[in-house]
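Enquirer: Data: final-v4.pdb, PDB, C-alpha atoms.
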ATOM      1  CA  VAL A  18      12.101   0.134 -31.511
ATOM      2  CA  GLU A  19       9.380  -2.104 -30.093
ATOM      3  CA  PRO A  20       9.747  -2.719 -26.331
ATOM      4  CA  PHE A  21       8.858  -6.423 -26.587
ATOM      5  CA  THR A  22      10.672  -8.968 -28.726
ATOM      6  CA  PRO A  23       8.818 -11.079 -31.333
ATOM      7  CA  PRO A  24       9.579 -14.360 -29.486
ATOM      8  CA  TYR A  25       8.056 -12.932 -26.317
ATOM      9  CA  MET A  26       4.956 -11.654 -28.083
ATOM     10  CA  ASN A  27       4.560 -14.999 -29.839
ATOM     11  CA  SER A  28       4.645 -16.749 -26.460
ATOM     12  CA  ILE A  29       1.564 -14.836 -25.189
ATOM     13  CA  THR A  30      -0.622 -14.930 -28.292
ATOM     14  CA  LYS A  31      -2.647 -17.838 -26.893
ATOM     15  CA  TYR A  32      -3.935 -15.788 -23.952
ATOM     16  CA  LYS A  33      -7.279 -14.010 -24.103
ATOM     17  CA  CYS A  34      -6.557 -11.660 -21.215
ATOM     18  CA  LEU A  35      -3.280 -10.294 -19.873
ATOM     19  CA  ARG A  36      -3.151  -9.597 -16.135
ATOM     20  CA  PHE A  37      -0.601  -7.064 -14.928
ATOM     21  CA  MET A  38      -0.680  -7.742 -11.173
ATOM     22  CA  ASP A  39       2.987  -8.640 -10.722
ATOM     23  CA  TRP A  40       3.949  -6.252 -13.518
ATOM     24  CA  SER A  41       2.579  -3.440 -11.316
ATOM     25  CA  ALA A  42       4.208  -4.725  -8.097
ATOM     26  CA  THR A  43       0.728  -4.837  -6.554
ATOM     27  CA  ASN A  44       1.230  -6.865  -3.373
ATOM     28  CA  GLY A  45       2.266  -4.716  -0.440
ATOM     29  CA  GLN A  46       2.475  -1.692  -2.703
ATOM     30  CA  ASN A  47       3.209   1.603  -0.948
ATOM     31  CA  ILE A  48       2.240   4.095  -3.668
ATOM     32  CA  ALA A  49      -0.586   6.618  -3.179
ATOM     33  CA  ASP A  50       0.139   9.533  -5.550
ATOM     34  CA  TRP A  51       0.107   9.520  -9.348
ATOM     35  CA  ALA A  52       3.321  11.574  -9.421
ATOM     36  CA  ASP A  53       5.238   8.625  -7.932
ATOM     37  CA  ARG A  54       4.322   6.152 -10.658
ATOM     38  CA  THR A  55       6.745   4.663 -13.165
ATOM     39  CA  THR A  56       6.629   6.221 -16.644
ATOM     40  CA  PRO A  57       7.886   4.844 -19.984
ATOM     41  CA  ASN A  58      10.706   7.399 -19.950
ATOM     42  CA  ASP A  59      12.192   6.258 -16.640
ATOM     43  CA  PHE A  60      15.648   4.758 -16.955
ATOM     44  CA  SER A  61      14.367   1.592 -15.251
ATOM     45  CA  GLN A  62      10.945  -0.013 -15.163
ATOM     46  CA  SER A  63      11.635  -1.631 -11.801
ATOM     47  CA  ARG A  64      13.254   1.056  -9.687
ATOM     48  CA  ALA A  65      11.827   2.235  -6.401
ATOM     49  CA  ARG A  66      11.374   5.905  -5.518
ATOM     50  CA  SER A  67      11.916   7.407  -2.105
ATOM     51  CA  ARG A  68      11.666  10.750  -0.353
ATOM     52  CA  SER A  69      12.825  11.719   3.090
ATOM     53  CA  ALA A  70      12.274  14.384   5.731
ATOM     54  CA  ALA A  71      14.339  15.378   8.725
ATOM     55  CA  VAL A  72      12.803  14.380  12.071
ATOM     56  CA  LEU A  73      12.364  17.119  14.651
ATOM     57  CA  SER A  74      10.770  15.019  17.374
ATOM     58  CA  ILE A  75       9.164  11.683  18.206
ATOM     59  CA  THR A  76       6.743  11.560  21.139
ATOM     60  CA  ASP A  77       5.361   8.383  22.692
ATOM     61  CA  MET A  78       1.546   8.496  22.448
ATOM     62  CA  SER A  79       0.787   5.141  24.094
ATOM     63  CA  THR A  80      -0.242   6.787  27.358
ATOM     64  CA  ALA A  81      -2.765   8.857  25.402
ATOM     65  CA  GLY A  82      -4.574   5.749  24.184
ATOM     66  CA  GLY A  83      -2.890   5.460  20.825
ATOM     67  CA  ASP A  84      -4.880   6.185  17.690
ATOM     68  CA  GLU A  85      -7.914   4.788  15.886
ATOM     69  CA  LEU A  86      -5.774   3.554  12.998
ATOM     70  CA  PHE A  87      -3.702   1.568  15.459
ATOM     71  CA  SER A  88      -6.442   0.346  17.778
ATOM     72  CA  MET A  89      -5.038  -3.144  17.383
ATOM     73  CA  THR A  90      -2.169  -2.171  19.693
ATOM     74  CA  LYS A  91      -2.922   1.286  21.165
ATOM     75  CA  TRP A  92       0.786   2.091  20.789
ATOM     76  CA  ALA A  93       1.695   4.976  18.562
ATOM     77  CA  ALA A  94       4.293   7.708  18.390
ATOM     78  CA  LYS A  95       3.811  11.239  17.072
ATOM     79  CA  VAL A  96       6.475  12.350  14.622
ATOM     80  CA  VAL A  97       7.113  15.966  13.618
ATOM     81  CA  THR A  98       9.285  16.688  10.571
ATOM     82  CA  ALA A  99      11.290  19.794   9.715
ATOM     83  CA  SER A 100       9.625  20.163   6.303
ATOM     84  CA  PRO A 101       6.499  18.754   4.617
ATOM     85  CA  HIS A 102       6.901  14.975   4.542
ATOM     86  CA  GLY A 103       4.610  14.240   1.581
ATOM     87  CA  PHE A 104       3.403  10.951   3.096
ATOM     88  CA  SER A 105      -0.101   9.473   2.841
ATOM     89  CA  THR A 106      -2.044   7.623   5.525
ATOM     90  CA  GLY A 107      -1.450   3.893   5.245
ATOM     91  CA  GLN A 108       2.035   4.149   3.794
ATOM     92  CA  THR A 109       4.928   2.501   5.587
ATOM     93  CA  VAL A 110       8.057   4.440   6.412
ATOM     94  CA  SER A 111      11.507   3.706   7.799
ATOM     95  CA  PHE A 112      13.672   5.696  10.175
ATOM     96  CA  ALA A 113      17.423   6.253  10.242
ATOM     97  CA  GLY A 114      19.598   7.871  12.879
ATOM     98  CA  THR A 115      16.754   8.693  15.254
ATOM     99  CA  ASN A 116      18.408   7.193  18.338
ATOM    100  CA  ALA A 117      14.965   5.939  19.337
ATOM    101  CA  SER A 118      14.069   2.332  20.069
ATOM    102  CA  VAL A 119      11.160   0.254  21.312
ATOM    103  CA  THR A 120      11.232  -2.274  24.147
ATOM    104  CA  MET A 121       8.380  -4.745  24.533
ATOM    105  CA  ALA A 122       7.324  -7.607  26.801
ATOM    106  CA  HIS A 123       5.555 -10.479  25.032
ATOM    107  CA  SER A 124       2.466 -12.245  26.284
ATOM    108  CA  ALA A 125       3.140 -15.585  27.948
ATOM    109  CA  THR A 126       0.233 -17.076  25.973
ATOM    110  CA  CYS A 127       1.852 -16.321  22.639
ATOM    111  CA  THR A 128       2.474 -19.629  20.875
ATOM    112  CA  HIS A 129       4.074 -18.265  17.721
ATOM    113  CA  GLY A 130       7.108 -16.614  19.258
ATOM    114  CA  PRO A 131       8.146 -12.979  19.127
ATOM    115  CA  TYR A 132       8.517 -12.740  15.338
ATOM    116  CA  GLY A 133       4.941 -11.472  15.005
ATOM    117  CA  PHE A 134       5.872  -8.162  16.610
ATOM    118  CA  ASP A 135       7.450  -5.115  15.069
ATOM    119  CA  GLU A 136       9.826  -4.110  17.838
ATOM    120  CA  GLY A 137      11.132  -0.991  16.155
ATOM    121  CA  LEU A 138      10.130   1.812  13.834
ATOM    122  CA  GLU A 139      11.281   0.100  10.629
ATOM    123  CA  ASN A 140       8.539  -0.322   7.979
ATOM    124  CA  ALA A 141       6.037   1.369  10.278
ATOM    125  CA  LEU A 142       2.499   2.330   9.205
ATOM    126  CA  VAL A 143       1.632   6.025   9.371
ATOM    127  CA  HIS A 144      -1.511   8.068  10.022
ATOM    128  CA  VAL A 145      -0.983  11.546   8.585
ATOM    129  CA  LEU A 146      -2.263  14.440  10.720
ATOM    130  CA  ASP A 147      -0.917  17.368   8.699
ATOM    131  CA  ALA A 148       1.910  18.328   6.344
ATOM    132  CA  THR A 149       4.622  17.936   8.985
ATOM    133  CA  THR A 150       3.016  15.636  11.566
ATOM    134  CA  PHE A 151       1.991  12.001  11.540
ATOM    135  CA  LEU A 152       1.441   9.124  13.920
ATOM    136  CA  VAL A 153       3.402   5.927  13.506
ATOM    137  CA  GLN A 154       2.533   2.488  14.824
ATOM    138  CA  TYR A 155       4.732   0.274  16.910
ATOM    139  CA  GLY A 156       3.872  -3.080  18.448
ATOM    140  CA  VAL A 157       1.722  -5.450  16.399
ATOM    141  CA  ARG A 158      -0.790  -8.133  17.328
ATOM    142  CA  TYR A 159      -0.146 -11.408  15.551
ATOM    143  CA  ASP A 160      -2.316 -14.553  15.619
ATOM    144  CA  ASN A 161      -3.830 -13.770  19.044
ATOM    145  CA  CYS A 162      -0.421 -12.952  20.485
ATOM    146  CA  PHE A 163      -0.146  -9.661  22.334
ATOM    147  CA  ALA A 164       2.636  -7.635  23.844
ATOM    148  CA  GLN A 165       1.992  -6.993  27.527
ATOM    149  CA  SER A 166       3.715  -3.615  27.499
ATOM    150  CA  ALA A 167       5.631  -1.316  25.207
ATOM    151  CA  ASN A 168       7.719   1.781  25.592
ATOM    152  CA  LEU A 169       9.289   4.123  23.085
ATOM    153  CA  SER A 170      12.679   5.028  24.480
ATOM    154  CA  SER A 171      13.723   8.666  24.714
ATOM    155  CA  PHE A 172      16.071  10.313  22.254
ATOM    156  CA  THR A 173      19.752  10.431  23.031
ATOM    157  CA  GLY A 174      22.013  13.056  21.550
ATOM    158  CA  SER A 175      20.947  15.794  19.145
ATOM    159  CA  ASN A 176      20.587  13.801  15.920
ATOM    160  CA  HIS A 177      16.927  13.097  15.283
ATOM    161  CA  GLY A 178      17.670  11.490  11.933
ATOM    162  CA  THR A 179      15.382  11.096   8.941
ATOM    163  CA  VAL A 180      12.178   9.321   7.991
ATOM    164  CA  THR A 181      11.746   7.891   4.490
ATOM    165  CA  VAL A 182       8.918   6.521   2.382
ATOM    166  CA  THR A 183       9.797   4.201  -0.510
ATOM    167  CA  VAL A 184       7.380   3.326  -3.295
ATOM    168  CA  ASP A 185       7.605   0.832  -6.150
ATOM    169  CA  SER A 186       4.865   0.947  -8.764
ATOM    170  CA  GLY A 187       6.378  -1.687 -11.013
ATOM    171  CA  ALA A 188       6.510  -1.133 -14.769
ATOM    172  CA  SER A 189       4.551   1.628 -16.486
ATOM    173  CA  LEU A 190       0.900   1.352 -17.448
ATOM    174  CA  GLU A 191       1.683   2.748 -20.891
ATOM    175  CA  LEU A 192       3.880  -0.248 -21.678
ATOM    176  CA  ALA A 193       1.258  -2.619 -20.304
ATOM    177  CA  ALA A 194      -1.381  -1.101 -22.619
ATOM    178  CA  GLN A 195       1.069  -1.263 -25.505
ATOM    179  CA  MET A 196       1.616  -4.955 -24.880
ATOM    180  CA  VAL A 197      -2.137  -5.547 -25.038
ATOM    181  CA  ALA A 198      -2.348  -3.539 -28.263
ATOM    182  CA  MET A 199       0.401  -5.647 -29.846
ATOM    183  CA  THR A 200      -1.679  -8.814 -29.403
ATOM    184  CA  GLU A 201      -4.422  -9.747 -31.815
ATOM    185  CA  ALA A 202      -7.349  -9.777 -29.419
ATOM    186  CA  ALA A 203      -6.257  -9.919 -25.758
ATOM    187  CA  ASP A 204      -8.000  -7.838 -23.104
ATOM    188  CA  GLY A 205      -6.218  -6.175 -20.174
ATOM    189  CA  TRP A 206      -6.585  -6.751 -16.421
ATOM    190  CA  PHE A 207      -5.154  -3.988 -14.225
ATOM    191  CA  ASN A 208      -4.766  -3.558 -10.467
ATOM    192  CA  VAL A 209      -5.417  -0.300  -8.632
ATOM    193  CA  PRO A 210      -2.823   0.137  -5.842
ATOM    194  CA  PHE A 211      -4.264  -0.365  -2.378
ATOM    195  CA  LEU A 212      -3.434   3.166  -1.233
ATOM    196  CA  ALA A 213      -4.133   4.932  -4.529
ATOM    197  CA  ASN A 214      -5.978   8.195  -3.942
ATOM    198  CA  ASP A 215      -8.898   9.380  -6.068
ATOM    199  CA  ASP A 216      -6.678  11.425  -8.379
ATOM    200  CA  TYR A 217      -4.516   8.359  -9.003
ATOM    201  CA  VAL A 218      -7.588   6.324  -9.957
ATOM    202  CA  THR A 219      -8.837   9.060 -12.300
ATOM    203  CA  GLN A 220      -5.447   9.454 -13.980
ATOM    204  CA  MET A 221      -5.021   5.695 -14.300
ATOM    205  CA  ALA A 222      -8.441   5.273 -15.902
ATOM    206  CA  SER A 223      -7.844   8.163 -18.307
ATOM    207  CA  LEU A 224      -4.464   6.762 -19.347
ATOM    208  CA  LEU A 225      -5.823   3.276 -19.994
ATOM    209  CA  LYS A 226      -8.757   4.668 -21.939
ATOM    210  CA  ALA A 227      -6.374   6.660 -24.125
ATOM    211  CA  HIS A 228      -3.836   3.882 -24.702
ATOM    212  CA  MET A 229      -5.901   0.693 -24.860
ATOM    213  CA  PRO A 230      -7.359  -0.429 -28.209
ATOM    214  CA  PRO A 231     -11.054   0.594 -28.228
ATOM    215  CA  ASP A 232     -12.200  -2.939 -29.088
ATOM    216  CA  ARG A 233     -10.567  -4.497 -25.977
ATOM    217  CA  LYS A 234     -12.040  -4.876 -22.495
ATOM    218  CA  ILE A 235     -10.398  -3.261 -19.477
ATOM    219  CA  TYR A 236     -10.786  -5.214 -16.234
ATOM    220  CA  VAL A 237      -9.997  -3.326 -13.027
ATOM    221  CA  GLU A 238      -9.313  -4.917  -9.631
ATOM    222  CA  TYR A 239      -8.726  -3.192  -6.311
ATOM    223  CA  SER A 240      -5.266  -4.323  -5.224
ATOM    224  CA  ASN A 241      -4.948  -8.136  -5.249
ATOM    225  CA  GLU A 242      -6.681 -10.748  -3.112
ATOM    226  CA  VAL A 243      -7.460  -8.298  -0.324
ATOM    227  CA  TRP A 244      -9.209 -11.200   1.453
ATOM    228  CA  ASN A 245      -5.930 -13.179   1.624
ATOM    229  CA  TYR A 246      -4.168 -12.793   4.982
ATOM    230  CA  GLY A 247      -0.935 -13.830   3.280
ATOM    231  CA  PHE A 248      -0.666 -10.371   1.711
ATOM    232  CA  PRO A 249       0.045  -7.068   3.512
ATOM    233  CA  GLN A 250      -3.071  -5.462   2.020
ATOM    234  CA  TRP A 251      -5.256  -7.765   4.123
ATOM    235  CA  SER A 252      -4.112  -6.316   7.463
ATOM    236  CA  MET A 253      -4.012  -2.865   5.897
ATOM    237  CA  SER A 254      -7.704  -3.281   5.043
ATOM    238  CA  TRP A 255      -8.520  -3.873   8.691
ATOM    239  CA  GLN A 256      -6.548  -0.848   9.817
ATOM    240  CA  MET A 257      -8.115   1.440   7.219
ATOM    241  CA  ALA A 258     -11.551   0.236   8.340
ATOM    242  CA  GLN A 259     -10.712   1.204  11.912
ATOM    243  CA  LEU A 260      -9.637   4.651  10.786
ATOM    244  CA  HIS A 261     -12.974   5.124   9.033
ATOM    245  CA  GLY A 262     -15.049   4.146  12.046
ATOM    246  CA  HIS A 263     -15.676   0.437  11.517
ATOM    247  CA  ASN A 264     -14.892  -1.189  14.865
ATOM    248  CA  ASN A 265     -15.528  -4.851  14.150
ATOM    249  CA  SER A 266     -13.125  -7.262  15.803
ATOM    250  CA  PHE A 267      -9.808  -8.154  14.208
ATOM    251  CA  ASN A 268      -9.771 -11.181  11.907
ATOM    252  CA  SER A 269     -13.566 -11.343  11.845
ATOM    253  CA  ASN A 270     -13.724 -10.817   8.077
ATOM    254  CA  GLY A 271     -16.059  -7.966   8.923
ATOM    255  CA  ALA A 272     -13.938  -4.834   9.134
ATOM    256  CA  GLU A 273     -11.544  -5.900   6.398
ATOM    257  CA  GLN A 274     -14.274  -6.709   3.906
ATOM    258  CA  TRP A 275     -16.221  -3.577   4.832
ATOM    259  CA  TRP A 276     -13.256  -1.442   3.812
ATOM    260  CA  ASN A 277     -12.596  -3.397   0.628
ATOM    261  CA  VAL A 278     -16.215  -3.100  -0.499
ATOM    262  CA  LYS A 279     -16.271   0.591   0.393
ATOM    263  CA  ARG A 280     -13.086   1.441  -1.492
ATOM    264  CA  SER A 281     -13.919  -0.783  -4.483
ATOM    265  CA  ARG A 282     -17.270   0.970  -4.811
ATOM    266  CA  GLU A 283     -15.573   4.380  -4.695
ATOM    267  CA  ILE A 284     -13.071   3.324  -7.342
ATOM    268  CA  HIS A 285     -15.714   2.038  -9.722
ATOM    269  CA  LYS A 286     -17.743   5.215  -9.321
ATOM    270  CA  ILE A 287     -14.663   7.126 -10.487
ATOM    271  CA  LEU A 288     -14.195   4.756 -13.410
ATOM    272  CA  ASP A 289     -17.764   5.403 -14.516
ATOM    273  CA  THR A 290     -16.993   9.103 -14.904
ATOM    274  CA  VAL A 291     -13.945   8.667 -17.134
TER     275      VAL A 291
END
Translate this structure into structure tokens?

Expert:
Amino acid sequence: VEPFTPPYMNSITKYKCLRFMDWSATNGQNIADWADRTTPNDFSQSRARSRSAAVLSITDMSTAGGDELFSMTKWAAKVVTASPHGFSTGQTVSFAGTNASVTMAHSATCTHGPYGFDEGLENALVHVLDATTFLVQYGVRYDNCFAQSANLSSFTGSNHGTVTVTVDSGASLELAAQMVAMTEAADGWFNVPFLANDDYVTQMASLLKAHMPPDRKIYVEYSNEVWNYGFPQWSMSWQMAQLHGHNNSFNSNGAEQWWNVKRSREIHKILDTV
């Protein structure tokens, strides 16, 4: 049974190139490992995957000067898990049952209100240190608004809860390539996830090469509009640049673009070898 109906295929015959940006859930995507991707055999092409680890401890690191990934705020907490967490640097995680909270005082000069601050550990960016340890950010600068102080409250009780990463890679690449093949002459435009590691890029390129018609072009883009501050990958670009030693000022279009050029170049070098 063909996965796409004739009326649908007839509706896209006029297009010369099919772009799979939304198909792949590109914006704000949290996937880093090839094993987490959606496959054609999954029961749903739009389900999210998650994995969790029990939290042993959370330690406030703000007095230690934070972390280079979080130099925008200097507020970070060190989290130790009971078993390997399987997270990747740059992913966002959520906490449950940790009995930990964050209190912050906002700058009086902030004109956009407090909504620009993450005042908890929900959807927090991580910097992985080892298999069971990572740093997590709290307190975020937003449009020249700063928090004056921050404090990670101590645990209460014995339940340290869990930490979870959730990834959504959209629909499978195999089906995307099949859609292209079912057209008469359309090319394919695919987006590499922002956090995709080198193995992911290699596997993605190999799959597309194997499944795309040999007479069609394959266009590859790193994430989507990484220059656009309306998307999460824009601020993530700045933070990844900081982690890799680029200390240009925030929102200068220097650090962000440095990272995007660096990673795009690395990706295309991998593509050249496949």

Enquirer: Each residue of segment 94-118 of chain A lying at most 12 Å from segment 214-238 of chain A should get a row with its shortest atom-to-atom pair and the distance in Å to one decimal, counting all atoms listed in the file; could you produce that, ordered by chain and increasing number, as CSV?

Expert:
residue,atom,partner,partner_atom,distance
A:Ser105,CA,A:Asn214,CA,9.1
A:Thr106,CA,A:Asn214,CA,10.3
A:Gly107,CA,A:Asn214,CA,11.1
A:Gln108,CA,A:Asn214,CA,11.9

Enquirer: Using only C-alpha atoms, pick whichever of A:Pro101, A:Phe211, A:Ser28, A:Arg54 has the shortest atom-to-atom distance to Phe248 of chain A.

Expert: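 Ranking A:Pro101, A:Phe211, A:Ser28, A:Arg54 by distance to Phe248 of chain A, first place goes to A:Phe211.
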
Enquirer: Selected by the PyMOL selection byres ((chain A and resi 212) around 12) in the shown coordinates: which residues, as JSON, numbers by chain?

Expert: {"A": [43, 44, 45, 46, 47, 48, 49, 50, 51, 104, 105, 106, 107, 108, 109, 184, 186, 208, 209, 210, 211, 213, 214, 215, 216, 217, 218, 239, 240, 249, 250, 253, 254, 257, 276, 277, 280, 281, 284]}

Enquirer: Could you give me, as a list in words, the residues within 9 Å of Tyr32 of chain A, counting only C-alpha atoms and dropping anything in the same chain fewer than 5 positions from it?

Expert: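 Selected residues are Ala202, Ala203 and Asp204 of chain A.
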
Enquirer: What does the distance between atom CA of Ala94 of chain A and atom CA of Ser67 of chain A come to in Å, to one decimal place?

Expert: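 Here the two named atoms are 21.9 Å from each other.
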